[in-house]
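The file coords_19.cif contains mmCIF, C-alpha atoms:
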data_my_file
loop_
_atom_site.label_atom_id
_atom_site.label_comp_id
_atom_site.auth_asym_id
_atom_site.auth_seq_id
_atom_site.Cartn_x
_atom_site.Cartn_y
_atom_site.Cartn_z
CA MET E 12 148.71 12.12 82.54
CA ALA E 13 151.94 14.01 82.14
CA ALA E 14 153.94 15.60 84.91
CA THR E 15 153.16 19.22 85.64
CA GLY E 16 155.69 21.56 87.17
CA GLY E 17 157.96 18.68 88.22
CA ILE E 18 155.21 16.83 90.11
CA SER E 19 153.86 13.63 88.64
CA ASP E 20 150.15 12.92 88.53
CA PRO E 21 149.35 10.50 91.39
CA PHE E 22 146.17 9.41 89.59
CA ALA E 23 147.93 8.38 86.36
CA GLY E 24 148.01 4.66 87.17
CA PHE E 25 144.32 4.28 87.95
CA GLY E 26 142.07 2.65 85.32
CA PRO E 27 139.31 4.30 83.30
CA ILE E 28 139.03 7.70 84.88
CA ALA E 29 135.38 8.43 83.93
CA LYS E 30 134.14 5.58 86.12
CA ALA E 31 136.73 5.75 88.88
CA LYS E 32 135.54 6.11 92.47
CA TYR E 33 137.93 7.59 95.04
CA VAL E 34 137.91 8.90 98.58
CA LEU E 35 140.53 11.49 99.60
CA LEU E 36 141.18 11.39 103.34
CA GLY E 37 142.54 14.37 105.21
CA SER E 38 143.64 17.61 103.63
CA ALA E 39 142.98 17.45 99.91
CA GLY E 40 143.81 21.09 99.21
CA GLN E 41 147.08 20.47 97.38
CA TRP E 42 145.48 17.76 95.21
CA LEU E 43 142.20 19.48 94.31
CA ALA E 44 143.54 20.93 91.04
CA GLN E 45 144.53 17.43 89.90
CA VAL E 46 141.23 16.00 91.14
CA ARG E 47 139.32 18.58 89.12
CA SER E 48 141.41 17.76 86.04
CA LEU E 49 140.12 14.17 86.12
CA ASN E 50 136.65 15.30 85.05
CA LEU E 51 135.12 13.34 87.90
CA GLU E 52 132.37 14.66 90.10
CA HIS E 53 133.99 16.18 93.19
CA VAL E 54 131.66 15.80 96.17
CA SER E 55 132.03 17.11 99.69
CA PRO E 56 129.34 17.34 102.38
CA VAL E 57 130.63 20.85 103.09
CA HIS E 58 129.57 21.91 99.59
CA LEU E 59 126.27 20.03 99.78
CA LYS E 60 125.39 21.71 103.09
CA GLY E 61 126.10 25.08 101.53
CA LEU E 62 123.35 24.43 98.98
CA GLY E 63 120.63 24.09 101.62
CA ILE E 64 119.45 26.16 104.52
CA SER E 65 122.21 26.43 107.08
CA ARG E 66 121.06 25.68 110.59
CA ARG E 67 123.20 24.83 113.55
CA PRO E 68 122.51 21.24 114.67
CA ALA E 69 121.77 20.57 118.30
CA SER E 70 124.57 18.01 118.76
CA ALA E 71 127.41 16.11 117.14
CA SER E 72 125.08 13.17 116.50
CA ALA E 73 122.64 15.51 114.74
CA GLU E 74 125.51 16.83 112.61
CA GLU E 75 126.53 13.28 111.67
CA ALA E 76 122.91 12.36 110.84
CA THR E 77 122.63 15.46 108.64
CA THR E 78 125.88 14.63 106.84
CA LEU E 79 124.79 11.02 106.27
CA ALA E 80 121.39 12.14 104.97
CA LEU E 81 122.94 14.62 102.51
CA MET E 82 125.52 12.13 101.26
CA ARG E 83 122.92 9.35 100.98
CA ARG E 84 120.68 11.59 98.87
CA TRP E 85 123.64 12.41 96.58
CA PHE E 86 124.86 8.79 96.38
CA PHE E 87 121.57 7.20 95.42
CA ALA E 88 120.63 10.01 93.00
CA ARG E 89 123.78 9.60 90.87
CA LYS E 90 124.21 7.18 87.99
CA PRO E 91 125.80 3.94 89.26
CA ASP E 92 128.60 3.97 86.68
CA ALA E 93 129.53 7.63 87.21
CA GLY E 94 132.91 8.25 88.80
CA PHE E 95 133.50 10.56 91.74
CA VAL E 96 136.05 11.86 94.19
CA LEU E 97 134.87 12.37 97.76
CA THR E 98 136.54 14.77 100.16
CA ASP E 99 135.56 15.36 103.79
CA PHE E 100 133.53 12.12 103.70
CA PRO E 101 133.67 9.64 105.28
CA ALA E 102 135.06 11.52 108.26
CA THR E 103 134.19 8.96 110.94
CA LEU E 104 134.30 5.18 111.17
CA LEU E 105 130.49 5.09 111.30
CA GLN E 106 130.30 7.10 108.06
CA ALA E 107 132.85 4.78 106.42
CA LYS E 108 130.87 1.67 107.35
CA VAL E 109 127.57 3.19 106.23
CA PHE E 110 129.21 4.27 102.94
CA ASP E 111 130.48 0.71 102.43
CA GLU E 112 126.90 -0.54 102.85
CA TRP E 113 125.68 1.92 100.21
CA LEU E 114 128.36 0.72 97.80
CA ASP E 115 127.41 -2.91 98.46
CA ALA E 116 123.71 -2.14 97.93
CA ARG E 117 124.50 -0.87 94.42
CA HIS E 118 127.14 -3.55 93.71
CA GLU E 119 129.83 -0.89 93.44
CA ALA E 120 133.34 -0.65 94.86
CA LEU E 121 135.89 2.07 95.48
CA ASP E 122 138.95 2.16 93.25
CA GLY E 123 141.05 3.61 96.03
CA VAL E 124 141.22 5.65 99.20
CA LEU E 125 144.01 8.17 98.94
CA THR E 126 145.69 9.99 101.78
CA ALA E 127 148.67 12.25 102.29
CA GLY E 128 151.42 10.96 104.59
CA ALA E 129 150.36 12.99 107.61
CA ASP E 130 146.77 11.73 107.34
CA LEU E 131 147.47 7.99 107.72
CA ASP E 132 146.32 7.77 111.33
CA GLY E 133 142.78 7.31 112.53
CA ALA E 134 139.97 4.79 112.49
CA VAL E 135 138.82 5.62 108.95
CA ALA E 136 142.32 5.11 107.53
CA GLU E 137 142.67 1.84 109.45
CA HIS E 138 139.31 0.67 108.13
CA TYR E 139 140.33 1.24 104.51
CA ARG E 140 143.83 -0.13 105.14
CA ALA E 141 142.22 -3.38 106.38
CA LEU E 142 140.16 -3.51 103.16
CA GLY E 143 143.34 -3.04 101.09
CA LEU E 144 142.14 0.26 99.60
CA LEU E 145 144.34 2.80 101.39
CA GLN E 146 147.07 4.31 99.24
CA GLN E 147 149.45 7.08 100.22
CA ILE E 148 149.46 9.93 97.68
CA ASP E 149 153.09 10.82 98.45
CA ALA E 150 154.17 7.25 97.62
CA LEU E 151 152.14 7.32 94.40
CA VAL E 152 153.80 10.56 93.33
CA SER E 153 157.24 9.11 94.10
CA SER E 154 156.62 5.83 92.26
CA THR E 155 155.04 7.62 89.28
CA ALA E 156 158.02 9.98 89.09
CA LYS E 157 160.49 7.05 89.21
CA SER E 158 158.54 5.26 86.47
CA ALA E 159 158.63 8.38 84.32
CA GLU E 160 162.38 8.79 84.90
CA GLY E 161 162.93 5.14 83.91
CA CYS E 162 161.01 5.65 80.68
CA LEU E 163 163.04 8.76 79.83
CA ALA E 164 166.41 7.14 80.54
#

Go through the file and emit its structure as structure tokens.
Amino acid sequence: MAATGGISDPFAGFGPIAKAKYVLLGSAGQWLAQVRSLNLEHVSPVHLKGLGISRRPASASAEEATTLALMRRWFFARKPDAGFVLTDFPATLLQAKVFDEWLDARHEALDGVLTAGADLDGAVAEHYRALGLLQQIDALVSSTAKSAEGCLA
């Protein structure tokens, strides 16, 4: 995908977009326009919760159970070869490990877990770093821009 407004597309180097599966950790606000341009399903538990009746859970564990239930329903209802971009999930190490089990159950894998530089800390990031999936968006933008400059020179 071509550069827009001087910023290169960090998703340009990732395979067939229609079947790509990504997780965006941390604040995805600045990347949402590019995410939407990929024509992938953008899923967030925040949006899924907004579709149902909103009730305040009794505890943090109830909130996590609700989030896992909503995301599980979405995950197993979708076509296995359909691509997606997740934001706001997984937000905890437990959610990341459960999500990995869901992927394994359907013989699927993530294409990448993307994060902005400030969002590289935390158990979820470490989990995906250990799996070799964590990629820093800022570094992708920089390397894509350098590649584009090399092609133009």

* To do: Pick out the closest residue to Gln106 in chain E from this set: E:Gln146, E:Asn50, E:Thr78, E:Ser70. Count all atoms listed in the file.
  =>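 Among E:Gln146, E:Asn50, E:Thr78, E:Ser70, it is E:Thr78 that comes nearest to Gln106 in chain E.
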
Running the PyMOL selection byres ((chain E and resi 98) around 9) on this model by hand, what would come out? Give it as a list of chain:residue names.
E:Tyr33, E:Val34, E:Leu35, E:Leu36, E:Gly37, E:Ser38, E:Ala39, E:His53, E:Val54, E:Ser55, E:Pro56, E:Val57, E:Val96, E:Leu97, E:Asp99, E:Phe100, E:Pro101, E:Ala102

Notebook entry, point to check: Could you spell out the hits of the PyMOL selection byres ((chain E and resi 120) around 12) on the shown file, as a ChimeraX atom specification?
Noted result: /E:30-34,91-95,110-119,121-124,142,144

note - CA of Lys90 in chain E and CA of Leu125 in chain E are separated by 22.6 Å

What separates CA of Thr103 in chain E and CA of Ala134 in chain E is a distance of 7.3 Å

Counting only C-alpha atoms, the option among E:Ala107, E:Ala71, E:Thr126, E:Phe87 closest to Ile148 in chain E:
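Of all the options, E:Thr126 lies closest to Ile148 in chain E.
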
In Å to one decimal, how far is CA of Arg140 in chain E from CA of Ala73 in chain E?
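According to the coordinates, CA of Ala73 in chain E and CA of Arg140 in chain E are separated by 28.0 Å.
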
Point out the residue among E:His138, E:Trp85, E:Leu105, E:Ser72 with the least atom-to-atom distance to Glu52 in chain E, counting only C-alpha atoms.
->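 Of E:His138, E:Trp85, E:Leu105, E:Ser72, the one nearest Glu52 in chain E, counting only C-alpha atoms, is E:Trp85.
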
With distances taken over only C-alpha atoms, the candidate from E:Leu81, E:Leu145, E:Val135, E:Ala76 nearest Lys108 in chain E is E:Val135
